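Trainee: Pasting start-v3.cif below, which is mmCIF, C-alpha atoms.
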data_data
loop_
_atom_site.group_PDB
_atom_site.id
_atom_site.type_symbol
_atom_site.label_atom_id
_atom_site.label_comp_id
_atom_site.auth_asym_id
_atom_site.auth_seq_id
_atom_site.Cartn_x
_atom_site.Cartn_y
_atom_site.Cartn_z
ATOM 1 C CA MET A 718 -14.189 -2.332 -106.366
ATOM 2 C CA LYS A 719 -11.436 -0.377 -108.068
ATOM 3 C CA PHE A 720 -11.301 3.357 -108.320
ATOM 4 C CA SER A 721 -9.265 5.776 -110.396
ATOM 5 C CA SER A 722 -6.827 8.164 -108.781
ATOM 6 C CA ASN A 723 -7.207 11.909 -109.287
ATOM 7 C CA ASN A 724 -3.568 12.407 -108.276
ATOM 8 C CA HIS A 725 -1.695 13.884 -111.201
ATOM 9 C CA SER A 726 1.017 15.503 -109.088
ATOM 10 C CA ASN A 727 3.525 12.813 -109.965
ATOM 11 C CA PRO A 728 3.061 11.619 -113.542
ATOM 12 C CA ASP A 729 6.120 9.385 -113.308
ATOM 13 C CA SER A 730 4.642 7.375 -110.450
ATOM 14 C CA ASN A 731 3.744 3.753 -111.137
ATOM 15 C CA PHE A 732 1.321 3.754 -108.236
ATOM 16 C CA SER A 733 -2.117 2.410 -108.984
ATOM 17 C CA SER A 734 -4.904 3.128 -106.540
ATOM 18 C CA PRO A 735 -5.550 0.375 -103.994
ATOM 19 C CA VAL A 736 -8.442 -2.016 -104.430
ATOM 20 C CA ALA A 737 -11.037 -0.821 -101.946
ATOM 21 C CA THR A 738 -12.970 -3.863 -100.794
ATOM 22 C CA LEU A 739 -15.377 -4.627 -98.006
ATOM 23 C CA ARG A 740 -14.637 -7.482 -95.650
ATOM 24 C CA ALA A 741 -17.134 -10.270 -95.039
ATOM 25 C CA ASP A 742 -18.433 -8.431 -91.970
ATOM 26 C CA GLY A 743 -19.302 -5.364 -94.054
ATOM 27 C CA LYS A 744 -16.408 -3.228 -92.835
ATOM 28 C CA PRO A 745 -13.867 -1.643 -95.184
ATOM 29 C CA ASN A 746 -10.643 -3.545 -95.694
ATOM 30 C CA THR A 747 -8.747 -0.808 -93.890
ATOM 31 C CA GLN A 748 -5.540 -2.784 -93.531
ATOM 32 C CA ALA A 749 -5.409 -3.404 -97.276
ATOM 33 C CA ILE A 750 -5.952 0.315 -97.946
ATOM 34 C CA ILE A 751 -3.228 1.302 -95.477
ATOM 35 C CA ALA A 752 -0.836 -1.350 -96.824
ATOM 36 C CA ALA A 753 -1.314 -0.180 -100.429
ATOM 37 C CA ASN A 754 -0.713 3.452 -99.491
ATOM 38 C CA VAL A 755 2.314 2.568 -97.367
ATOM 39 C CA GLN A 756 3.819 0.706 -100.317
ATOM 40 C CA TYR A 757 3.237 3.792 -102.453
ATOM 41 C CA LEU A 758 4.870 5.989 -99.811
ATOM 42 C CA ILE A 759 7.862 3.655 -99.604
ATOM 43 C CA ALA A 760 8.291 3.750 -103.371
ATOM 44 C CA GLN A 761 8.192 7.550 -103.297
ATOM 45 C CA LEU A 762 10.589 7.835 -100.350
ATOM 46 C CA GLU A 763 13.063 5.475 -101.961
ATOM 47 C CA ALA A 764 12.821 7.540 -105.144
ATOM 48 C CA GLY A 765 13.712 10.664 -103.137
ATOM 49 C CA HIS A 766 10.193 12.155 -103.052
ATOM 50 C CA SER A 767 10.033 12.814 -99.301
ATOM 51 C CA GLU A 768 7.473 15.582 -99.880
ATOM 52 C CA VAL A 769 4.815 12.899 -100.472
ATOM 53 C CA LEU A 770 4.932 11.920 -96.790
ATOM 54 C CA THR A 771 4.498 15.568 -95.804
ATOM 55 C CA GLN A 772 1.537 15.661 -98.210
ATOM 56 C CA TYR A 773 -0.084 12.791 -96.314
ATOM 57 C CA LEU A 774 0.518 14.519 -92.965
ATOM 58 C CA THR A 775 -1.014 17.717 -94.394
ATOM 59 C CA THR A 776 -4.110 15.729 -95.383
ATOM 60 C CA MET A 777 -4.300 14.450 -91.788
ATOM 61 C CA ALA A 778 -4.335 18.077 -90.627
ATOM 62 C CA ARG A 779 -7.162 19.000 -93.002
ATOM 63 C CA PHE A 780 -9.283 15.943 -92.211
ATOM 64 C CA HIS A 781 -8.408 15.235 -88.582
ATOM 65 C CA LYS A 782 -11.887 13.873 -87.814
ATOM 66 C CA TYR A 783 -11.508 11.227 -90.493
ATOM 67 C CA SER A 784 -10.123 7.735 -89.937
ATOM 68 C CA LEU A 785 -6.629 6.917 -91.165
ATOM 69 C CA GLY A 786 -8.116 4.750 -93.918
ATOM 70 C CA ASN A 787 -10.175 7.648 -95.285
ATOM 71 C CA VAL A 788 -7.287 10.108 -94.858
ATOM 72 C CA LEU A 789 -5.081 7.852 -96.963
ATOM 73 C CA LEU A 790 -7.828 7.389 -99.555
ATOM 74 C CA ILE A 791 -8.251 11.160 -99.911
ATOM 75 C CA ALA A 792 -4.493 11.788 -99.993
ATOM 76 C CA SER A 793 -3.894 9.136 -102.650
ATOM 77 C CA GLN A 794 -6.699 10.346 -104.919
ATOM 78 C CA LYS A 795 -6.601 14.131 -104.460
ATOM 79 C CA PRO A 796 -3.768 15.269 -102.158
ATOM 80 C CA GLU A 797 -4.615 18.952 -102.534
ATOM 81 C CA ALA A 798 -8.201 18.437 -101.255
ATOM 82 C CA SER A 799 -9.184 20.843 -98.492
ATOM 83 C CA ASN A 800 -12.954 20.465 -97.981
ATOM 84 C CA VAL A 801 -14.895 17.458 -99.255
ATOM 85 C CA ALA A 802 -18.596 16.622 -99.353
ATOM 86 C CA GLY A 803 -21.108 14.582 -101.334
ATOM 87 C CA ILE A 804 -23.183 15.949 -104.199
ATOM 88 C CA TYR A 805 -26.288 16.416 -102.025
ATOM 89 C CA THR A 806 -24.382 18.476 -99.456
ATOM 90 C CA TRP A 807 -22.778 20.670 -102.129
ATOM 91 C CA ASN A 808 -26.192 21.223 -103.723
ATOM 92 C CA GLN A 809 -27.655 22.225 -100.357
ATOM 93 C CA LEU A 810 -24.843 24.784 -100.068
ATOM 94 C CA GLY A 811 -25.697 26.215 -103.482
ATOM 95 C CA ARG A 812 -22.788 24.620 -105.327
ATOM 96 C CA ARG A 813 -22.637 22.109 -108.178
ATOM 97 C CA VAL A 814 -19.925 19.609 -109.051
ATOM 98 C CA LYS A 815 -18.203 20.605 -112.293
ATOM 99 C CA LYS A 816 -18.832 18.409 -115.301
ATOM 100 C CA GLY A 817 -16.221 15.697 -115.752
ATOM 101 C CA GLU A 818 -14.824 15.867 -112.208
ATOM 102 C CA LYS A 819 -14.013 12.478 -110.694
ATOM 103 C CA GLY A 820 -15.252 11.682 -107.211
ATOM 104 C CA ILE A 821 -13.000 10.773 -104.301
ATOM 105 C CA MET A 822 -13.966 7.394 -102.879
ATOM 106 C CA ILE A 823 -14.137 7.014 -99.102
ATOM 107 C CA PHE A 824 -16.102 4.763 -96.745
ATOM 108 C CA ALA A 825 -19.249 5.829 -94.898
ATOM 109 C CA PRO A 826 -21.165 3.953 -92.195
ATOM 110 C CA MET A 827 -24.489 2.232 -92.694
ATOM 111 C CA ILE A 828 -26.739 2.858 -89.692
ATOM 112 C CA ALA A 829 -29.896 0.869 -89.013
ATOM 113 C CA LYS A 830 -32.362 0.784 -86.188
ATOM 114 C CA HIS A 831 -31.615 -2.181 -83.969
ATOM 115 C CA ARG A 832 -34.789 -3.687 -82.579
ATOM 116 C CA ARG A 833 -34.483 -5.618 -79.341
ATOM 117 C CA GLN A 834 -37.190 -7.977 -78.159
ATOM 118 C CA LYS A 835 -38.079 -7.232 -74.569
ATOM 119 C CA SER A 836 -38.138 -9.828 -71.824
ATOM 120 C CA SER A 837 -41.432 -11.310 -70.683
ATOM 121 C CA GLU A 838 -41.395 -9.069 -67.625
ATOM 122 C CA GLU A 839 -40.768 -5.979 -69.753
ATOM 123 C CA ARG A 840 -43.486 -7.039 -72.216
ATOM 124 C CA GLU A 841 -46.052 -7.205 -69.451
ATOM 125 C CA GLU A 842 -45.218 -3.652 -68.453
ATOM 126 C CA SER A 843 -45.154 -2.205 -71.971
ATOM 127 C CA GLU A 844 -47.689 -4.461 -73.713
ATOM 128 C CA SER A 845 -45.124 -6.231 -75.857
ATOM 129 C CA LYS A 846 -43.653 -3.069 -77.382
ATOM 130 C CA THR A 847 -40.139 -3.245 -78.795
ATOM 131 C CA THR A 848 -37.333 -0.755 -78.336
ATOM 132 C CA ALA A 849 -35.366 0.694 -81.217
ATOM 133 C CA GLY A 850 -31.959 2.337 -81.417
ATOM 134 C CA PRO A 851 -29.350 3.116 -84.057
ATOM 135 C CA ALA A 852 -26.746 0.430 -84.774
ATOM 136 C CA LEU A 853 -23.762 0.294 -87.098
ATOM 137 C CA VAL A 854 -24.338 -2.546 -89.560
ATOM 138 C CA GLY A 855 -21.413 -1.970 -91.915
ATOM 139 C CA PHE A 856 -19.727 0.455 -94.280
ATOM 140 C CA ARG A 857 -20.193 1.317 -97.913
ATOM 141 C CA PRO A 858 -18.071 3.107 -100.484
ATOM 142 C CA VAL A 859 -19.300 6.631 -101.267
ATOM 143 C CA TYR A 860 -17.959 9.436 -103.424
ATOM 144 C CA VAL A 861 -17.166 12.958 -102.307
ATOM 145 C CA TRP A 862 -15.788 15.967 -104.187
ATOM 146 C CA ASP A 863 -13.422 18.701 -103.075
ATOM 147 C CA VAL A 864 -14.620 22.315 -103.044
ATOM 148 C CA SER A 865 -12.171 23.010 -105.905
ATOM 149 C CA GLN A 866 -14.226 20.593 -108.036
ATOM 150 C CA THR A 867 -17.395 22.648 -107.561
ATOM 151 C CA ASP A 868 -18.826 25.973 -108.729
ATOM 152 C CA GLY A 869 -21.488 28.180 -107.224
ATOM 153 C CA LYS A 870 -22.320 30.134 -104.129
ATOM 154 C CA GLU A 871 -19.421 31.323 -101.981
ATOM 155 C CA LEU A 872 -19.010 29.290 -98.823
ATOM 156 C CA PRO A 873 -18.995 30.954 -95.392
ATOM 157 C CA THR A 874 -15.421 31.625 -94.267
ATOM 158 C CA LEU A 875 -15.913 29.856 -90.952
ATOM 159 C CA ARG A 876 -12.932 27.935 -89.634
ATOM 160 C CA GLU A 877 -12.961 25.377 -86.890
ATOM 161 C CA PHE A 878 -9.600 26.753 -85.779
ATOM 162 C CA SER A 879 -7.841 30.084 -86.096
ATOM 163 C CA GLY A 880 -4.128 30.687 -86.424
ATOM 164 C CA GLU A 881 -3.979 32.485 -83.074
ATOM 165 C CA ALA A 882 -1.632 30.461 -80.885
ATOM 166 C CA GLY A 883 -2.524 32.104 -77.563
ATOM 167 C CA LYS A 884 -6.062 30.738 -77.231
ATOM 168 C CA HIS A 885 -5.007 27.263 -78.324
ATOM 169 C CA LEU A 886 -1.984 27.315 -76.029
ATOM 170 C CA ALA A 887 -4.241 27.935 -73.020
ATOM 171 C CA GLN A 888 -6.556 25.109 -74.129
ATOM 172 C CA LEU A 889 -3.607 22.767 -74.577
ATOM 173 C CA VAL A 890 -2.226 23.592 -71.120
ATOM 174 C CA GLN A 891 -5.657 22.787 -69.645
ATOM 175 C CA PHE A 892 -5.667 19.488 -71.540
ATOM 176 C CA VAL A 893 -2.217 18.639 -70.133
ATOM 177 C CA LEU A 894 -3.229 19.454 -66.571
ATOM 178 C CA GLY A 895 -6.480 17.550 -67.029
ATOM 179 C CA ARG A 896 -4.467 14.428 -67.883
ATOM 180 C CA GLY A 897 -2.632 14.703 -64.584
ATOM 181 C CA ILE A 898 0.590 15.876 -66.260
ATOM 182 C CA LYS A 899 2.551 18.545 -64.397
ATOM 183 C CA PHE A 900 3.412 21.635 -66.443
ATOM 184 C CA GLY A 901 5.835 24.508 -65.934
ATOM 185 C CA TYR A 902 8.666 26.621 -67.321
ATOM 186 C CA SER A 903 12.404 26.363 -66.628
ATOM 187 C CA ASP A 904 15.468 28.005 -68.166
ATOM 188 C CA LYS A 905 17.555 25.098 -66.864
ATOM 189 C CA ILE A 906 16.447 22.885 -69.777
ATOM 190 C CA ALA A 907 18.256 25.080 -72.355
ATOM 191 C CA PRO A 908 19.243 24.559 -75.112
ATOM 192 C CA ALA A 909 16.190 22.264 -75.327
ATOM 193 C CA ARG A 910 12.919 24.104 -75.924
ATOM 194 C CA GLY A 911 10.900 21.494 -74.079
ATOM 195 C CA VAL A 912 11.340 18.368 -72.009
ATOM 196 C CA SER A 913 8.937 15.508 -71.254
ATOM 197 C CA LYS A 914 9.869 13.506 -68.159
ATOM 198 C CA GLY A 915 7.002 11.036 -67.985
ATOM 199 C CA GLY A 916 4.219 12.757 -66.094
ATOM 200 C CA SER A 917 5.680 16.257 -66.299
ATOM 201 C CA ILE A 918 6.507 18.750 -69.050
ATOM 202 C CA GLU A 919 8.747 21.799 -68.877
ATOM 203 C CA LEU A 920 9.114 24.490 -71.532
ATOM 204 C CA LEU A 921 11.824 27.069 -72.023
ATOM 205 C CA PRO A 922 10.461 30.492 -70.998
ATOM 206 C CA ASP A 923 10.431 33.592 -73.229
ATOM 207 C CA MET A 924 9.419 31.777 -76.419
ATOM 208 C CA THR A 925 6.677 33.212 -78.622
ATOM 209 C CA GLU A 926 3.183 31.766 -78.136
ATOM 210 C CA ALA A 927 3.455 29.948 -81.475
ATOM 211 C CA GLU A 928 6.792 28.412 -80.421
ATOM 212 C CA GLN A 929 5.357 27.444 -77.038
ATOM 213 C CA PHE A 930 2.348 25.827 -78.692
ATOM 214 C CA ALA A 931 4.344 23.756 -81.191
ATOM 215 C CA THR A 932 6.848 22.713 -78.522
ATOM 216 C CA LEU A 933 4.107 21.766 -76.061
ATOM 217 C CA VAL A 934 2.330 19.668 -78.710
ATOM 218 C CA HIS A 935 5.631 17.871 -79.355
ATOM 219 C CA GLU A 936 6.131 17.114 -75.648
ATOM 220 C CA VAL A 937 2.487 16.111 -75.083
ATOM 221 C CA ALA A 938 2.853 13.763 -78.046
ATOM 222 C CA HIS A 939 5.751 12.089 -76.242
ATOM 223 C CA GLU A 940 3.547 11.652 -73.175
ATOM 224 C CA LEU A 941 0.710 10.125 -75.207
ATOM 225 C CA LEU A 942 2.769 8.194 -77.762
ATOM 226 C CA HIS A 943 5.673 6.712 -75.945
ATOM 227 C CA LYS A 944 4.597 5.935 -72.391
ATOM 228 C CA SER A 945 2.648 2.860 -73.473
ATOM 229 C CA GLU A 946 3.523 -0.436 -75.111
ATOM 230 C CA ARG A 947 4.205 -0.469 -78.847
ATOM 231 C CA ARG A 948 3.932 -3.259 -81.352
ATOM 232 C CA SER A 949 7.388 -2.412 -82.670
ATOM 233 C CA VAL A 950 10.627 -1.506 -80.942
ATOM 234 C CA ILE A 951 11.424 2.049 -82.039
ATOM 235 C CA SER A 952 14.558 4.154 -81.871
ATOM 236 C CA LYS A 953 14.904 7.585 -80.276
ATOM 237 C CA THR A 954 15.025 9.073 -83.788
ATOM 238 C CA VAL A 955 11.654 7.547 -84.679
ATOM 239 C CA ARG A 956 10.170 8.685 -81.350
ATOM 240 C CA GLU A 957 11.301 12.263 -81.973
ATOM 241 C CA THR A 958 10.069 12.183 -85.565
ATOM 242 C CA GLU A 959 6.641 10.858 -84.545
ATOM 243 C CA ALA A 960 6.288 13.621 -81.947
ATOM 244 C CA GLU A 961 7.367 16.225 -84.510
ATOM 245 C CA ALA A 962 4.909 14.789 -87.045
ATOM 246 C CA VAL A 963 2.091 15.192 -84.504
ATOM 247 C CA ALA A 964 3.205 18.797 -83.901
ATOM 248 C CA PHE A 965 3.203 19.370 -87.688
ATOM 249 C CA VAL A 966 -0.342 17.999 -88.117
ATOM 250 C CA VAL A 967 -1.814 19.874 -85.130
ATOM 251 C CA SER A 968 -0.061 23.183 -85.918
ATOM 252 C CA LYS A 969 -1.084 22.942 -89.576
ATOM 253 C CA ALA A 970 -4.688 22.242 -88.609
ATOM 254 C CA ILE A 971 -5.012 25.380 -86.475
ATOM 255 C CA GLY A 972 -3.418 27.556 -89.158
ATOM 256 C CA LEU A 973 0.125 28.003 -87.824
ATOM 257 C CA GLU A 974 3.147 27.957 -90.083
ATOM 258 C CA THR A 975 5.138 24.828 -89.295
ATOM 259 C CA GLY A 976 8.437 25.495 -91.045
ATOM 260 C CA SER A 977 9.276 21.776 -91.019
ATOM 261 C CA ALA A 978 11.224 20.445 -93.987
ATOM 262 C CA SER A 979 9.570 17.472 -95.677
ATOM 263 C CA ALA A 980 12.831 15.542 -95.578
ATOM 264 C CA ASP A 981 12.576 15.416 -91.764
ATOM 265 C CA TYR A 982 9.727 12.924 -91.940
ATOM 266 C CA ILE A 983 11.648 10.384 -93.997
ATOM 267 C CA GLN A 984 13.003 9.252 -90.615
ATOM 268 C CA LEU A 985 9.654 7.607 -89.924
ATOM 269 C CA TYR A 986 10.773 5.020 -92.447
ATOM 270 C CA HIS A 987 13.947 2.964 -92.185
ATOM 271 C CA GLY A 988 13.157 0.219 -94.689
ATOM 272 C CA ASP A 989 10.399 -1.114 -92.435
ATOM 273 C CA ALA A 990 6.909 -0.984 -93.975
ATOM 274 C CA LYS A 991 5.228 -2.214 -90.769
ATOM 275 C CA LEU A 992 6.876 0.518 -88.735
ATOM 276 C CA LEU A 993 5.831 3.218 -91.213
ATOM 277 C CA ALA A 994 2.207 2.002 -91.137
ATOM 278 C CA GLU A 995 2.247 1.880 -87.329
ATOM 279 C CA SER A 996 3.771 5.359 -87.119
ATOM 280 C CA LEU A 997 1.191 6.876 -89.480
ATOM 281 C CA GLU A 998 -1.644 5.323 -87.497
ATOM 282 C CA ILE A 999 -0.358 6.480 -84.125
ATOM 283 C CA VAL A 1000 0.449 9.989 -85.407
ATOM 284 C CA GLN A 1001 -3.070 10.309 -86.832
ATOM 285 C CA LYS A 1002 -4.793 9.088 -83.663
ATOM 286 C CA THR A 1003 -2.679 11.256 -81.350
ATOM 287 C CA ALA A 1004 -3.196 14.371 -83.479
ATOM 288 C CA ALA A 1005 -6.955 13.682 -83.529
ATOM 289 C CA VAL A 1006 -7.042 13.493 -79.703
ATOM 290 C CA LEU A 1007 -5.202 16.813 -79.374
ATOM 291 C CA LEU A 1008 -7.296 18.565 -82.023
ATOM 292 C CA GLY A 1009 -10.444 17.234 -80.359
ATOM 293 C CA ALA A 1010 -9.305 18.918 -77.141
ATOM 294 C CA LEU A 1011 -8.711 22.182 -79.015
ATOM 295 C CA SER A 1012 -11.927 22.107 -81.034
ATOM 296 C CA PRO A 1013 -14.717 24.461 -79.957
ATOM 297 C CA GLU A 1014 -17.096 21.591 -80.640
ATOM 298 C CA GLU A 1015 -16.955 18.057 -79.368
ATOM 299 C CA ALA A 1016 -14.757 16.004 -81.689
ATOM 300 C CA THR A 1017 -16.645 13.543 -83.827
ATOM 301 C CA ALA A 1018 -15.404 10.296 -85.308
ATOM 302 C CA ASP A 1019 -15.208 9.878 -89.040
ATOM 303 C CA ALA A 1020 -17.615 7.781 -90.945
ATOM 304 C CA ALA A 1021 -15.238 4.898 -91.551
ATOM 305 C CA ALA A 1022 -13.097 2.516 -89.585
#
How would this structure read if it were set down as structure tokens?
Mentor:
Amino acid sequence: MKFSSNNHSNPDSNFSSPVATLRADGKPNTQAIIAANVQYLIAQLEAGHSEVLTQYLTTMARFHKYSLGNVLLIASQKPEASNVAGIYTWNQLGRRVKKGEKGIMIFAPMIAKHRRQKSSEEREESESKTTAGPALVGFRPVYVWDVSQTDGKELPTLREFSGEAGKHLAQLVQFVLGRGIKFGYSDKIAPARGVSKGGSIELLPDMTEAEQFATLVHEVAHELLHKSERRSVISKTVRETEAEAVAFVVSKAIGLETGSASADYIQLYHGDAKLLAESLEIVQKTAAVLLGALSPEEATADAAA
């Protein structure tokens, strides 16, 4: 199934939207989607358009509960999207999709009740009744539209996160301590703002709360990203860039100004498509874990794999 891109931000691009297919087991061909988007990113980076990678990271921040496959699908079709939903949901909210607007294709799960036959012993006790429970049977392509593609009733101005660093800093410190990571402040680490030592994190004192938050996210990312085995051997530059990318996504999601130049993220790519795909996946998953810890509600998984 092919779909048309809504991305008109780069008219000179030769990128055509990836073919979004379902595998034989009913799941989306996530690897094909990621590979197609990575090839597009590589083409843009090699053409000097490093801002496209920042655009993808920004989409991660806006849709942190979505899978990487769906994040890439949204970013490739409508990179400026901020709040997406299906037609039924928009109608329930008193809004209508504008005439002529193209939908953004993503994958949604298909849930069915799974009926299990009870054992003979269980049947005797319950007179041969069966038990039922929800089960994931596959995924299907669905279309959503961004709020900018709709008209109607004003939406409530509720945000999952606020741009106040103090509250989120306290939550993040609790998350760190809850993972068994020691945390403290030391002026001996200057000129570094933060240091991760494998099981302990130290920050430079006297920074603003926003600076403390962004620095702590960066150091926590090191703890989560780089203390386990990786598929690829990565350099210190890539490790630092991945941690900074996580800090960018998390800070952006809670409404803090990041101040990071888009060119910084080109270091995630050194002519290695596999490494770029791996980095994007690990940045997305790590940011989702941290944002789940900061969310006032329990983090939920996206509809697609």
Trainee: I'd like the residues picked by the PyMOL selection byres ((chain A and resi 853) around 7) written out as a list in words, using the chain letters and numbers from the file.
Mentor: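 After applying the PyMOL selection byres ((chain A and resi 853) around 7), what remains is Pro826, Met827, Ile828, Ala829, Pro851, Ala852, Val854 and Gly855 of chain A.
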Trainee: Excluding Glu871 in chain A and residues on its chain fewer than 4 positions from it, collect all residues at most 12 Å away from it, counting only C-alpha atoms, and give them as a VMD selection string.
Mentor: chain A and resid 807 810 to 813 864 to 865 867 875
Trainee: Have a look at CA of Val963 in chain A and CA of Tyr773 in chain A and let me know their distance in Å, one decimal.
Mentor: 12.2 Å
Trainee: In the coordinate frame of the file, compute which residues have an atom within 9 Å of (-7.9, 6.3, -99.5) when using all atoms listed in the file, and state them as a count of residues only.
Mentor: 20
Trainee: Looking at A:Phe965, A:Tyr805, A:Trp862, A:Tyr783, which one is nearest to Phe930 in chain A, with distances taken over all atoms listed in the file?
Mentor: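 Closest to Phe930 in chain A of all the choices is A:Phe965.
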Trainee: Using the chain letters and residue numbers of this document, give as a PDB file with C-alpha atoms, in the coordinates of the input the residues selected by the PyMOL selection byres ((chain A and resi 900-908) around 10).
Mentor:
ATOM      1  CA  VAL A 890      -2.226  23.592 -71.120  1.00  0.00           C
ATOM      2  CA  GLN A 891      -5.657  22.787 -69.645  1.00  0.00           C
ATOM      3  CA  VAL A 893      -2.217  18.639 -70.133  1.00  0.00           C
ATOM      4  CA  LEU A 894      -3.229  19.454 -66.571  1.00  0.00           C
ATOM      5  CA  GLY A 897      -2.632  14.703 -64.584  1.00  0.00           C
ATOM      6  CA  ILE A 898       0.590  15.876 -66.260  1.00  0.00           C
ATOM      7  CA  LYS A 899       2.551  18.545 -64.397  1.00  0.00           C
ATOM      8  CA  ALA A 909      16.190  22.264 -75.327  1.00  0.00           C
ATOM      9  CA  ARG A 910      12.919  24.104 -75.924  1.00  0.00           C
ATOM     10  CA  GLY A 911      10.900  21.494 -74.079  1.00  0.00           C
ATOM     11  CA  VAL A 912      11.340  18.368 -72.009  1.00  0.00           C
ATOM     12  CA  SER A 913       8.937  15.508 -71.254  1.00  0.00           C
ATOM     13  CA  GLY A 916       4.219  12.757 -66.094  1.00  0.00           C
ATOM     14  CA  SER A 917       5.680  16.257 -66.299  1.00  0.00           C
ATOM     15  CA  ILE A 918       6.507  18.750 -69.050  1.00  0.00           C
ATOM     16  CA  GLU A 919       8.747  21.799 -68.877  1.00  0.00           C
ATOM     17  CA  LEU A 920       9.114  24.490 -71.532  1.00  0.00           C
ATOM     18  CA  LEU A 921      11.824  27.069 -72.023  1.00  0.00           C
ATOM     19  CA  PRO A 922      10.461  30.492 -70.998  1.00  0.00           C
ATOM     20  CA  ASP A 923      10.431  33.592 -73.229  1.00  0.00           C
ATOM     21  CA  LEU A 933       4.107  21.766 -76.061  1.00  0.00           C
TER      22      LEU A 933
END
Trainee: Separation of CA of Gln748 in chain A and CA of Glu818 in chain A, in Å?
Mentor: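 Pair CA of Gln748 in chain A / CA of Glu818 in chain A returns 28.0 Å.
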Trainee: Any idea what the distance is between CA of Leu941 in chain A and CA of Thr1003 in chain A?
Mentor: 7.1 Å
